[in-house]
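S.K.: Dropping in protein05.txt, with compact mmCIF, C-alpha atoms.
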# COMPACT_ATOMS: atom_id res chain seq x y z
CA MET K 1 23.42 24.08 3.36
CA THR K 2 20.74 26.26 4.95
CA ALA K 3 18.27 25.60 2.12
CA ALA K 4 18.91 21.85 2.30
CA LYS K 5 18.50 21.88 6.08
CA ASN K 6 15.24 23.81 5.85
CA SER K 7 14.01 21.37 3.23
CA LEU K 8 14.74 18.41 5.52
CA ILE K 9 13.00 20.10 8.44
CA PHE K 10 9.94 20.87 6.30
CA GLU K 11 9.81 17.29 5.01
CA GLY K 12 10.08 15.92 8.56
CA LEU K 13 7.28 18.19 9.81
CA GLN K 14 5.17 17.20 6.82
CA ILE K 15 5.58 13.48 7.57
CA VAL K 16 4.86 13.96 11.31
CA THR K 17 1.71 15.96 10.51
CA LEU K 18 0.55 13.35 8.03
CA CYS K 19 1.10 10.60 10.61
CA LEU K 20 -0.95 12.43 13.24
CA VAL K 21 -3.80 13.02 10.79
CA TRP K 22 -3.55 9.41 9.61
CA TYR K 23 -3.74 8.02 13.15
CA GLY K 24 -6.64 10.23 14.17
CA VAL K 25 -8.69 9.61 11.03
CA SER K 26 -8.05 5.86 11.16
CA ALA K 27 -9.00 5.56 14.84
CA ILE K 28 -12.22 7.59 14.47
CA GLY K 29 -13.05 5.85 11.19
CA ASN K 30 -12.76 2.37 12.72
CA VAL K 31 -15.03 3.33 15.61
CA ILE K 32 -17.64 4.78 13.22
CA VAL K 33 -17.50 1.72 10.94
CA LYS K 34 -18.02 -0.56 13.96
CA GLU K 35 -21.03 1.46 15.10
CA LEU K 36 -22.38 1.57 11.54
CA LEU K 37 -22.06 -2.19 10.99
CA ASN K 38 -23.76 -2.89 14.33
CA GLU K 39 -26.70 -0.79 13.19
CA PHE K 40 -26.50 -1.60 9.47
CA PRO K 41 -24.93 -5.09 8.93
CA PHE K 42 -24.15 -4.76 5.22
CA PRO K 43 -20.35 -4.69 4.78
CA LEU K 44 -20.61 -4.84 0.97
CA THR K 45 -22.67 -1.64 0.95
CA VAL K 46 -20.21 0.10 3.30
CA THR K 47 -17.29 -0.94 1.07
CA LEU K 48 -18.92 0.34 -2.12
CA VAL K 49 -19.86 3.65 -0.48
CA GLN K 50 -16.24 4.12 0.57
CA LEU K 51 -14.94 3.35 -2.93
CA PHE K 52 -17.52 5.67 -4.50
CA SER K 53 -16.53 8.46 -2.09
CA VAL K 54 -12.85 8.06 -2.95
CA TRP K 55 -13.60 8.09 -6.68
CA ILE K 56 -15.89 11.16 -6.65
CA LEU K 57 -13.89 13.23 -4.16
CA SER K 58 -10.66 12.50 -6.05
CA ILE K 59 -11.94 14.31 -9.16
CA PRO K 60 -11.78 17.87 -7.71
CA LEU K 61 -8.57 16.97 -5.86
CA LEU K 62 -6.82 15.91 -9.08
CA ARG K 63 -8.02 19.05 -10.87
CA LEU K 64 -6.95 21.27 -8.00
CA LEU K 65 -3.46 19.79 -7.97
CA ARG K 66 -3.38 19.64 -11.80
CA VAL K 67 -2.35 16.02 -11.82
CA PRO K 68 -1.81 14.86 -15.44
CA GLU K 69 -3.66 11.82 -16.72
CA PRO K 70 -1.54 8.66 -17.11
CA GLN K 71 -1.60 8.53 -20.92
CA TYR K 72 1.04 5.79 -21.01
CA LEU K 73 -1.16 3.59 -18.84
CA TYR K 74 -4.14 3.95 -21.17
CA GLN K 75 -1.99 3.11 -24.17
CA ASN K 76 -0.45 0.03 -22.56
CA ARG K 77 -3.40 -2.35 -22.27
CA VAL K 78 -1.26 -5.32 -21.28
CA TYR K 79 0.02 -3.56 -18.14
CA TYR K 80 -3.49 -2.29 -17.47
CA LEU K 81 -4.95 -5.79 -17.54
CA LYS K 82 -2.09 -7.56 -15.77
CA VAL K 83 -1.42 -5.08 -12.94
CA ILE K 84 -4.07 -2.38 -12.55
CA ILE K 85 -7.16 -4.63 -12.78
CA PRO K 86 -5.81 -7.18 -10.26
CA LEU K 87 -4.81 -4.29 -7.99
CA ALA K 88 -8.37 -2.94 -8.11
CA VAL K 89 -9.87 -6.37 -7.39
CA GLY K 90 -7.42 -6.88 -4.53
CA LYS K 91 -8.26 -3.46 -3.07
CA PHE K 92 -11.97 -4.26 -3.09
CA LEU K 93 -11.58 -7.73 -1.57
CA ALA K 94 -9.17 -6.49 1.12
CA GLN K 95 -11.49 -3.64 2.06
CA LEU K 96 -14.56 -5.90 2.09
CA SER K 97 -12.77 -8.49 4.25
CA SER K 98 -11.72 -5.75 6.65
CA HIS K 99 -15.33 -4.63 7.07
CA VAL K 100 -16.54 -8.20 7.61
CA SER K 101 -13.93 -8.65 10.35
CA LEU K 102 -14.96 -5.38 12.04
CA TRP K 103 -18.59 -6.51 11.85
CA LYS K 104 -17.94 -9.90 13.44
CA VAL K 105 -15.24 -9.18 16.05
CA PRO K 106 -14.14 -6.18 18.19
CA VAL K 107 -11.92 -3.52 16.61
CA SER K 108 -9.08 -4.28 19.03
CA TYR K 109 -9.01 -7.98 18.13
CA ALA K 110 -9.34 -7.33 14.39
CA HIS K 111 -6.31 -5.03 14.44
CA THR K 112 -4.37 -7.47 16.61
CA VAL K 113 -4.87 -10.10 13.88
CA LYS K 114 -3.84 -7.51 11.28
CA ALA K 115 -0.53 -7.21 13.14
CA THR K 116 0.42 -10.34 11.14
CA MET K 117 1.09 -8.08 8.12
CA PRO K 118 4.91 -8.51 8.47
CA LEU K 119 4.40 -12.28 8.16
CA PHE K 120 2.54 -11.88 4.87
CA THR K 121 5.01 -9.23 3.70
CA VAL K 122 7.98 -11.57 4.24
CA ILE K 123 6.23 -14.45 2.46
CA LEU K 124 5.03 -12.35 -0.49
CA SER K 125 8.39 -10.58 -0.86
CA ARG K 126 10.06 -13.97 -1.05
CA LEU K 127 7.60 -15.35 -3.61
CA ILE K 128 7.19 -12.22 -5.77
CA LEU K 129 10.38 -10.19 -5.38
CA ARG K 130 12.70 -13.12 -4.49
CA GLU K 131 13.93 -11.22 -1.44
CA LYS K 132 15.79 -13.05 1.31
CA GLN K 133 15.55 -11.79 4.88
CA SER K 134 17.96 -11.94 7.81
CA LEU K 135 17.57 -14.34 10.72
CA SER K 136 16.52 -11.46 12.99
CA ILE K 137 13.55 -10.75 10.75
CA TYR K 138 12.46 -14.38 10.80
CA PHE K 139 12.83 -14.50 14.60
CA SER K 140 10.72 -11.33 14.93
CA LEU K 141 7.78 -13.18 13.38
CA VAL K 142 7.65 -15.61 16.34
CA PRO K 143 6.25 -13.15 18.95
CA ILE K 144 3.78 -11.86 16.37
CA ILE K 145 2.37 -15.33 15.73
CA VAL K 146 2.41 -16.30 19.43
CA GLY K 147 0.75 -13.02 20.44
CA VAL K 148 -2.04 -13.40 17.86
CA VAL K 149 -2.62 -17.01 18.96
CA ILE K 150 -2.89 -15.95 22.63
CA ALA K 151 -5.24 -13.10 21.75
CA THR K 152 -7.35 -15.48 19.66
CA VAL K 153 -7.63 -18.16 22.33
CA THR K 154 -8.55 -15.64 25.06
CA GLU K 155 -10.85 -13.43 22.95
CA ILE K 156 -14.28 -13.27 24.62
CA SER K 157 -16.10 -12.24 21.42
CA PHE K 158 -14.24 -14.67 19.15
CA ASN K 159 -15.76 -15.42 15.75
CA MET K 160 -14.17 -17.67 13.12
CA VAL K 161 -15.54 -15.64 10.20
CA GLY K 162 -14.07 -12.50 11.76
CA LEU K 163 -10.67 -14.16 12.19
CA ILE K 164 -10.52 -15.46 8.61
CA SER K 165 -11.72 -12.11 7.24
CA ALA K 166 -9.05 -10.21 9.18
CA LEU K 167 -6.35 -12.56 7.87
CA LEU K 168 -7.62 -12.23 4.27
CA SER K 169 -7.73 -8.45 4.65
CA THR K 170 -4.15 -8.37 5.93
CA PHE K 171 -2.99 -10.56 3.05
CA GLY K 172 -4.77 -8.33 0.53
CA PHE K 173 -3.36 -5.08 1.90
CA SER K 174 0.16 -6.56 2.02
CA LEU K 175 -0.12 -7.53 -1.64
CA GLN K 176 -1.58 -4.13 -2.50
CA ASN K 177 1.28 -2.26 -0.80
CA ILE K 178 3.90 -4.21 -2.78
CA TYR K 179 2.24 -3.75 -6.17
CA SER K 180 1.15 -0.13 -5.54
CA LYS K 181 4.75 0.88 -4.87
CA LYS K 182 5.82 -1.06 -7.98
CA SER K 183 3.18 0.66 -10.13
CA LEU K 184 4.20 4.11 -8.91
CA LYS K 185 7.73 3.39 -10.16
CA ASP K 186 6.91 1.47 -13.34
CA ILE K 187 4.52 3.92 -14.99
CA SER K 188 5.36 7.13 -13.09
CA ILE K 189 1.70 7.62 -12.20
CA HIS K 190 0.76 10.12 -9.50
CA HIS K 191 -0.30 8.40 -6.27
CA TYR K 192 -3.63 10.28 -6.15
CA ALA K 193 -4.36 9.28 -9.75
CA LEU K 194 -3.62 5.64 -8.92
CA LEU K 195 -5.90 5.83 -5.87
CA ALA K 196 -8.78 7.31 -7.89
CA LEU K 197 -8.29 4.81 -10.71
CA LEU K 198 -8.34 1.79 -8.38
CA ALA K 199 -11.44 3.08 -6.57
CA LYS K 200 -13.28 3.72 -9.86
CA ILE K 201 -12.48 0.31 -11.32
CA SER K 202 -13.36 -1.49 -8.07
CA TRP K 203 -16.70 0.27 -7.76
CA CYS K 204 -17.69 -0.27 -11.40
CA MET K 205 -16.76 -3.97 -11.31
CA PHE K 206 -18.61 -4.89 -8.14
CA VAL K 207 -21.61 -2.56 -7.94
CA PRO K 208 -23.73 -4.96 -10.07
CA PHE K 209 -23.32 -7.62 -7.37
CA TRP K 210 -24.69 -5.16 -4.80
CA PHE K 211 -28.14 -5.07 -6.42
CA PHE K 212 -28.55 -8.83 -6.08
CA TYR K 213 -26.86 -9.24 -2.69
CA ASP K 214 -27.43 -6.23 -0.40
CA GLY K 215 -29.80 -4.16 -2.50
CA ILE K 216 -32.73 -6.59 -2.35
CA ASP K 217 -32.35 -7.18 1.41
CA ILE K 218 -32.21 -3.46 2.18
CA PHE K 219 -35.24 -2.75 -0.04
CA TYR K 220 -37.46 -5.34 1.64
CA ASN K 221 -36.24 -4.70 5.21
CA THR K 222 -38.80 -2.32 6.77
CA LYS K 223 -36.39 -1.52 9.62
CA TYR K 224 -34.52 0.91 7.35
CA HIS K 225 -37.64 2.55 5.90
CA SER K 226 -38.27 4.88 8.86
CA TYR K 227 -37.06 8.46 8.61
CA ASN K 228 -34.95 8.41 11.79
CA SER K 229 -33.22 5.11 11.00
CA ALA K 230 -32.55 6.03 7.36
CA THR K 231 -31.21 9.47 8.34
CA LYS K 232 -28.87 8.02 10.96
CA ILE K 233 -27.51 5.36 8.63
CA LEU K 234 -27.10 7.83 5.78
CA PHE K 235 -25.21 10.22 8.08
CA TYR K 236 -22.86 7.41 9.17
CA LEU K 237 -22.29 6.34 5.55
CA VAL K 238 -21.45 9.88 4.37
CA LEU K 239 -19.16 10.53 7.34
CA ASP K 240 -17.44 7.18 6.89
CA GLY K 241 -16.96 7.89 3.18
CA LEU K 242 -15.31 11.26 3.91
CA LEU K 243 -13.02 9.79 6.58
CA ASN K 244 -12.08 6.88 4.33
CA PHE K 245 -11.21 9.26 1.50
CA LEU K 246 -8.99 11.30 3.81
CA HIS K 247 -7.42 8.10 5.19
CA ASN K 248 -6.62 6.82 1.68
CA VAL K 249 -5.19 10.16 0.55
CA VAL K 250 -2.87 10.33 3.56
CA ALA K 251 -1.90 6.64 3.25
CA PHE K 252 -1.02 6.91 -0.47
CA THR K 253 0.87 10.15 0.24
CA MET K 254 2.88 8.34 2.90
CA ILE K 255 3.62 5.48 0.47
CA SER K 256 4.97 7.99 -2.08
CA LEU K 257 7.03 9.99 0.46
CA VAL K 258 8.71 7.35 2.59
CA SER K 259 10.32 3.96 2.10
CA PRO K 260 8.31 0.73 2.57
CA LEU K 261 10.14 0.21 5.87
CA SER K 262 9.22 3.64 7.23
CA TYR K 263 5.63 3.13 6.05
CA SER K 264 5.53 -0.21 7.87
CA ILE K 265 6.76 1.43 11.10
CA ALA K 266 4.19 4.21 10.82
CA ASN K 267 1.45 1.68 10.08
CA SER K 268 2.41 -0.35 13.16
CA THR K 269 2.19 2.74 15.36
CA LYS K 270 -1.19 3.54 13.81
CA ARG K 271 -2.45 0.07 14.75
CA ILE K 272 -1.48 0.65 18.39
CA VAL K 273 -3.37 3.96 18.40
CA VAL K 274 -6.48 2.36 16.84
CA ILE K 275 -6.51 -0.47 19.41
CA CYS K 276 -6.13 1.91 22.36
CA VAL K 277 -8.79 4.35 21.10
CA SER K 278 -11.27 1.53 20.36
CA LEU K 279 -10.81 0.08 23.86
CA LEU K 280 -11.37 3.50 25.43
CA ILE K 281 -14.43 4.47 23.36
CA LEU K 282 -16.19 1.16 22.62
CA ARG K 283 -15.17 -0.44 25.95
CA ASN K 284 -15.36 -4.00 24.64
CA PRO K 285 -14.50 -6.49 27.42
CA VAL K 286 -10.93 -7.86 27.43
CA THR K 287 -9.02 -10.12 29.80
CA LYS K 288 -5.48 -9.68 31.11
CA THR K 289 -4.28 -12.61 29.00
CA ASN K 290 -5.93 -11.03 25.99
CA VAL K 291 -4.06 -7.78 26.59
CA ILE K 292 -0.80 -9.73 26.98
CA GLY K 293 -1.40 -11.40 23.61
CA MET K 294 -2.10 -8.04 21.93
CA SER K 295 1.00 -6.50 23.51
CA LEU K 296 3.19 -9.43 22.47
CA ALA K 297 1.99 -9.22 18.88
CA LEU K 298 2.60 -5.46 18.75
CA PHE K 299 6.04 -5.95 20.32
CA GLY K 300 6.82 -8.46 17.58
CA VAL K 301 5.83 -5.90 14.94
CA MET K 302 8.15 -3.28 16.44
CA TYR K 303 10.96 -5.87 16.68
CA TYR K 304 10.37 -6.76 13.04
CA ASN K 305 10.70 -3.09 12.06
CA LYS K 306 13.94 -2.83 14.07
CA ALA K 307 15.35 -5.96 12.38
CA LYS K 308 14.33 -4.61 8.99
CA LEU K 309 16.08 -1.32 9.73
CA ASP K 310 19.28 -3.14 10.77
CA GLN K 311 19.19 -5.20 7.57
CA ARG K 312 18.76 -2.05 5.46
CA ARG K 313 21.73 -0.35 7.15
CA ALA K 314 23.92 -3.42 6.62
CA GLN K 315 23.01 -3.47 2.92
CA GLN K 316 23.80 0.24 2.60
CA LYS K 317 27.23 -0.27 4.19
CA GLN K 318 27.99 -3.02 1.70
CA GLY K 319 26.88 -0.76 -1.13
CA ILE K 320 29.33 1.99 -0.12
CA ILE K 321 32.34 -0.06 -1.28
CA PRO K 322 32.85 0.83 -4.97
CA LEU K 323 33.54 -1.70 -7.66
CA VAL K 324 37.00 -0.92 -9.05
CA ARG K 325 37.95 -2.18 -12.48
CA SER K 326 41.36 -1.92 -14.14
CA GLU K 327 41.94 0.93 -16.58
CA PRO K 328 42.52 0.13 -20.26
CA ALA K 329 46.15 -0.19 -21.31
CA LEU K 330 47.73 2.88 -22.88
CA ASN K 331 48.57 0.99 -26.04
CA THR K 332 44.84 0.57 -26.77
CA LEU K 333 44.43 4.34 -27.07
CA ASN K 334 45.05 6.21 -30.31
CA LEU K 335 45.52 9.95 -29.80
CA GLY K 336 44.26 10.71 -33.28
CA LYS K 337 41.09 8.64 -33.01
CA ILE K 338 40.20 7.54 -29.48
CA GLN K 339 39.14 3.94 -29.31
CA PHE K 340 38.08 1.71 -26.44
CA ALA K 341 39.06 -1.95 -26.43
CA HIS K 342 36.41 -3.61 -24.29
CA PRO K 343 36.55 -7.38 -23.70
CA ASP K 344 32.77 -7.64 -24.21
CA SER K 345 32.54 -5.55 -27.35
CA ASP K 346 30.25 -7.98 -29.17
CA LEU K 347 27.86 -8.17 -26.22
CA ILE K 348 27.74 -4.38 -25.86
CA SER K 349 27.15 -3.79 -29.55
CA ARG K 350 24.15 -6.16 -29.50
CA HIS K 351 22.47 -4.33 -26.61
CA HIS K 352 23.64 -0.83 -27.56
CA PRO K 353 23.64 -0.47 -31.37
CA SER K 354 24.97 3.08 -31.10
CA PHE K 355 27.90 1.86 -29.03
CA ASN K 356 30.34 0.92 -31.77
CA THR K 357 33.78 0.02 -30.46
CA SER K 358 35.43 0.89 -33.78
CA ARG K 359 34.47 4.56 -34.00
CA PRO K 360 35.10 7.74 -32.00
CA TYR K 361 32.98 8.40 -28.97
CA TYR K 362 31.17 11.30 -27.57
CA ASN K 363 32.97 12.50 -24.43
CA GLY K 364 35.78 9.99 -24.79
CA PHE K 365 34.28 6.68 -23.70
CA ILE K 366 30.53 7.40 -23.37
CA PRO K 367 28.24 6.61 -26.34
CA ASN K 368 26.43 9.60 -27.77
CA TYR K 369 22.76 9.30 -26.76
CA ALA K 370 22.12 13.02 -27.22
CA SER K 371 20.28 12.54 -30.51
CA GLN K 372 17.91 9.94 -29.03
CA SER K 373 14.77 10.50 -26.99
CA TYR K 374 14.48 9.44 -23.36
CA LYS K 375 12.03 6.64 -24.18
CA ASN K 376 14.32 5.23 -26.90
CA VAL K 377 17.25 5.18 -24.52
Can you turn what I pasted into structure tokens?
M.R.:
Amino acid sequence: MTAAKNSLIFEGLQIVTLCLVWYGVSAIGNVIVKELLNEFPFPLTVTLVQLFSVWILSIPLLRLLRVPEPQYLYQNRVYYLKVIIPLAVGKFLAQLSSHVSLWKVPVSYAHTVKATMPLFTVILSRLILREKQSLSIYFSLVPIIVGVVIATVTEISFNMVGLISALLSTFGFSLQNIYSKKSLKDISIHHYALLALLAKISWCMFVPFWFFYDGIDIFYNTKYHSYNSATKILFYLVLDGLLNFLHNVVAFTMISLVSPLSYSIANSTKRIVVICVSLLILRNPVTKTNVIGMSLALFGVMYYNKAKLDQRRAQQKQGIIPLVRSEPALNTLNLGKIQFAHPDSDLISRHHPSFNTSRPYYNGFIPNYASQSYKNV
């Protein structure tokens, strides 16, 4: 009992520490990205630098932790093309959209719009996973939508491109969270290896577009040719790359440690911290109605998390009741050669060739899988 208790305490402290680091890194990173994009308005370049930083810095991290390579993933090209490639494309587009939104609108407003993530999560879970939600969860989406609408109408620095980009970014990250968790389970890949793989594929796929889109403009813009300007921008890019790497490592660690619901709650709290820090540091002008809209949207997110928690507890209570089936009649048992008369013998024999209802069993009623490998089973 003592060892189990100590393990729970250690795990709790680990999650709390990760959350604090996550909140701090995210808040500082958003402020730096905003300052960088004001000085250097090239969101595609910022996105590719972040992806390159994650890819390169993940190499020593994976070697230090001795994370094995996902050999099964490399052998299964169908899964690679159907899941991993779309995940990498989605990661790039979501990250790029996020930077465009931070470039066009204040950090506080961009993250208020991103509070609509529960809305996209509910819709995508219904379409992809066929999950049905409770009425409380659907009702919790109302204050989120109303709050975002109020914040949008009263936003002093409103920009339509920034709004659309923030919505696209939220949609992309919602989709990424669902499929990242699915990939971690399907192929048993380490979360750091998945992070490095997605960053590498994203960077390699989209860096050719950079030469024709941002590269030419940066080369011919004399504003960035001076030593002071180039040094300042380079410093911001390197610092932003390091913070983004740390942010991604902590975020993927959280995804692997906690349930999607707990991750959603932690992410909602992080959004509140980012909004507050950005208002204190950047001091972008806001109105009282604008603050009310932000608060209403964040309240809706917390209410959504509470409704999700209640739904999870109700499902767990239903799962506690065991399914009881009647025992086989004594006259179906032969003491010399134990046999099991199952009503679906033909069906079982088709799906389990080793499960032959006419021969003795290993351990009474359980088919003998001991001679088979784990993958075959």
S.K.: Using Å and a single decimal, report how far CA of Val89 (chain K) sits from CA of Ser125 (chain K).
M.R.: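 A separation of 19.8 Å between them.
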S.K.: Can you tell me which residues surround region 289-295 of chain K at a distance of at most 8 Å, considering only C-alpha atoms, apart from same-chain residues fewer than 3 positions away, and format the answer as a PyMOL selection string?
M.R.: chain K and resi 109+112+146-152+154-155+286+298-299
S.K.: Would you mind exporting C-alpha atoms of the selected residues as a PDB file, in the coordinates of the input?
M.R.:
ATOM      1  CA  TYR K 109      -9.010  -7.980  18.130  1.00  0.00           C
ATOM      2  CA  THR K 112      -4.370  -7.470  16.610  1.00  0.00           C
ATOM      3  CA  VAL K 146       2.410 -16.300  19.430  1.00  0.00           C
ATOM      4  CA  GLY K 147       0.750 -13.020  20.440  1.00  0.00           C
ATOM      5  CA  VAL K 148      -2.040 -13.400  17.860  1.00  0.00           C
ATOM      6  CA  VAL K 149      -2.620 -17.010  18.960  1.00  0.00           C
ATOM      7  CA  ILE K 150      -2.890 -15.950  22.630  1.00  0.00           C
ATOM      8  CA  ALA K 151      -5.240 -13.100  21.750  1.00  0.00           C
ATOM      9  CA  THR K 152      -7.350 -15.480  19.660  1.00  0.00           C
ATOM     10  CA  THR K 154      -8.550 -15.640  25.060  1.00  0.00           C
ATOM     11  CA  GLU K 155     -10.850 -13.430  22.950  1.00  0.00           C
ATOM     12  CA  VAL K 286     -10.930  -7.860  27.430  1.00  0.00           C
ATOM     13  CA  LEU K 298       2.600  -5.460  18.750  1.00  0.00           C
ATOM     14  CA  PHE K 299       6.040  -5.950  20.320  1.00  0.00           C
TER      15      PHE K 299
END
S.K.: As an exercise, work out the distance from CA of Phe173 (chain K) to CA of Thr121 (chain K) in Å and give it to one decimal place.
M.R.: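 Atom-to-atom, CA of Phe173 (chain K) and CA of Thr121 (chain K) are spaced 9.5 Å apart.
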S.K.: Distance CA of Phe120 (chain K)-CA of Ser174 (chain K), one decimal place?
M.R.: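 These atoms are spaced 6.5 Å apart.
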S.K.: Might you pull out every residue within 10 Å of region 46-62 of chain K, with only C-alpha atoms counted and same-chain residues fewer than 5 positions away left off, and present them as a ChimeraX atom specification?
M.R.: /K:33,36-37,40-41,67-69,91-100,190,192-193,195-204,206-207,210,236-249
S.K.: Between K:Ala166, K:Thr287, K:Lys270, K:Glu39, which residue has the minimum interatomic distance to Ile233 (chain K), considering only C-alpha atoms?
M.R.: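 Checking each candidate against Ile233 (chain K), we get K:Glu39 as the closest.
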S.K.: Write out as number ranges by chain each polymer residue whose atoms come within 10 Å of Cys19 (chain K), counting only C-alpha atoms; drop sequence neighbours fewer than 2 positions from it.
M.R.: K: 13-17, 21-25, 250-251, 254, 263, 266-267, 269-270
S.K.: My list of candidates is K:Met205, K:Val107, K:Leu135, K:Ile164. Which is closest to Ala27 (chain K) when distances are computed with all atoms listed in the file?
M.R.: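 Checking each candidate against Ala27 (chain K), we get K:Val107 as the closest.
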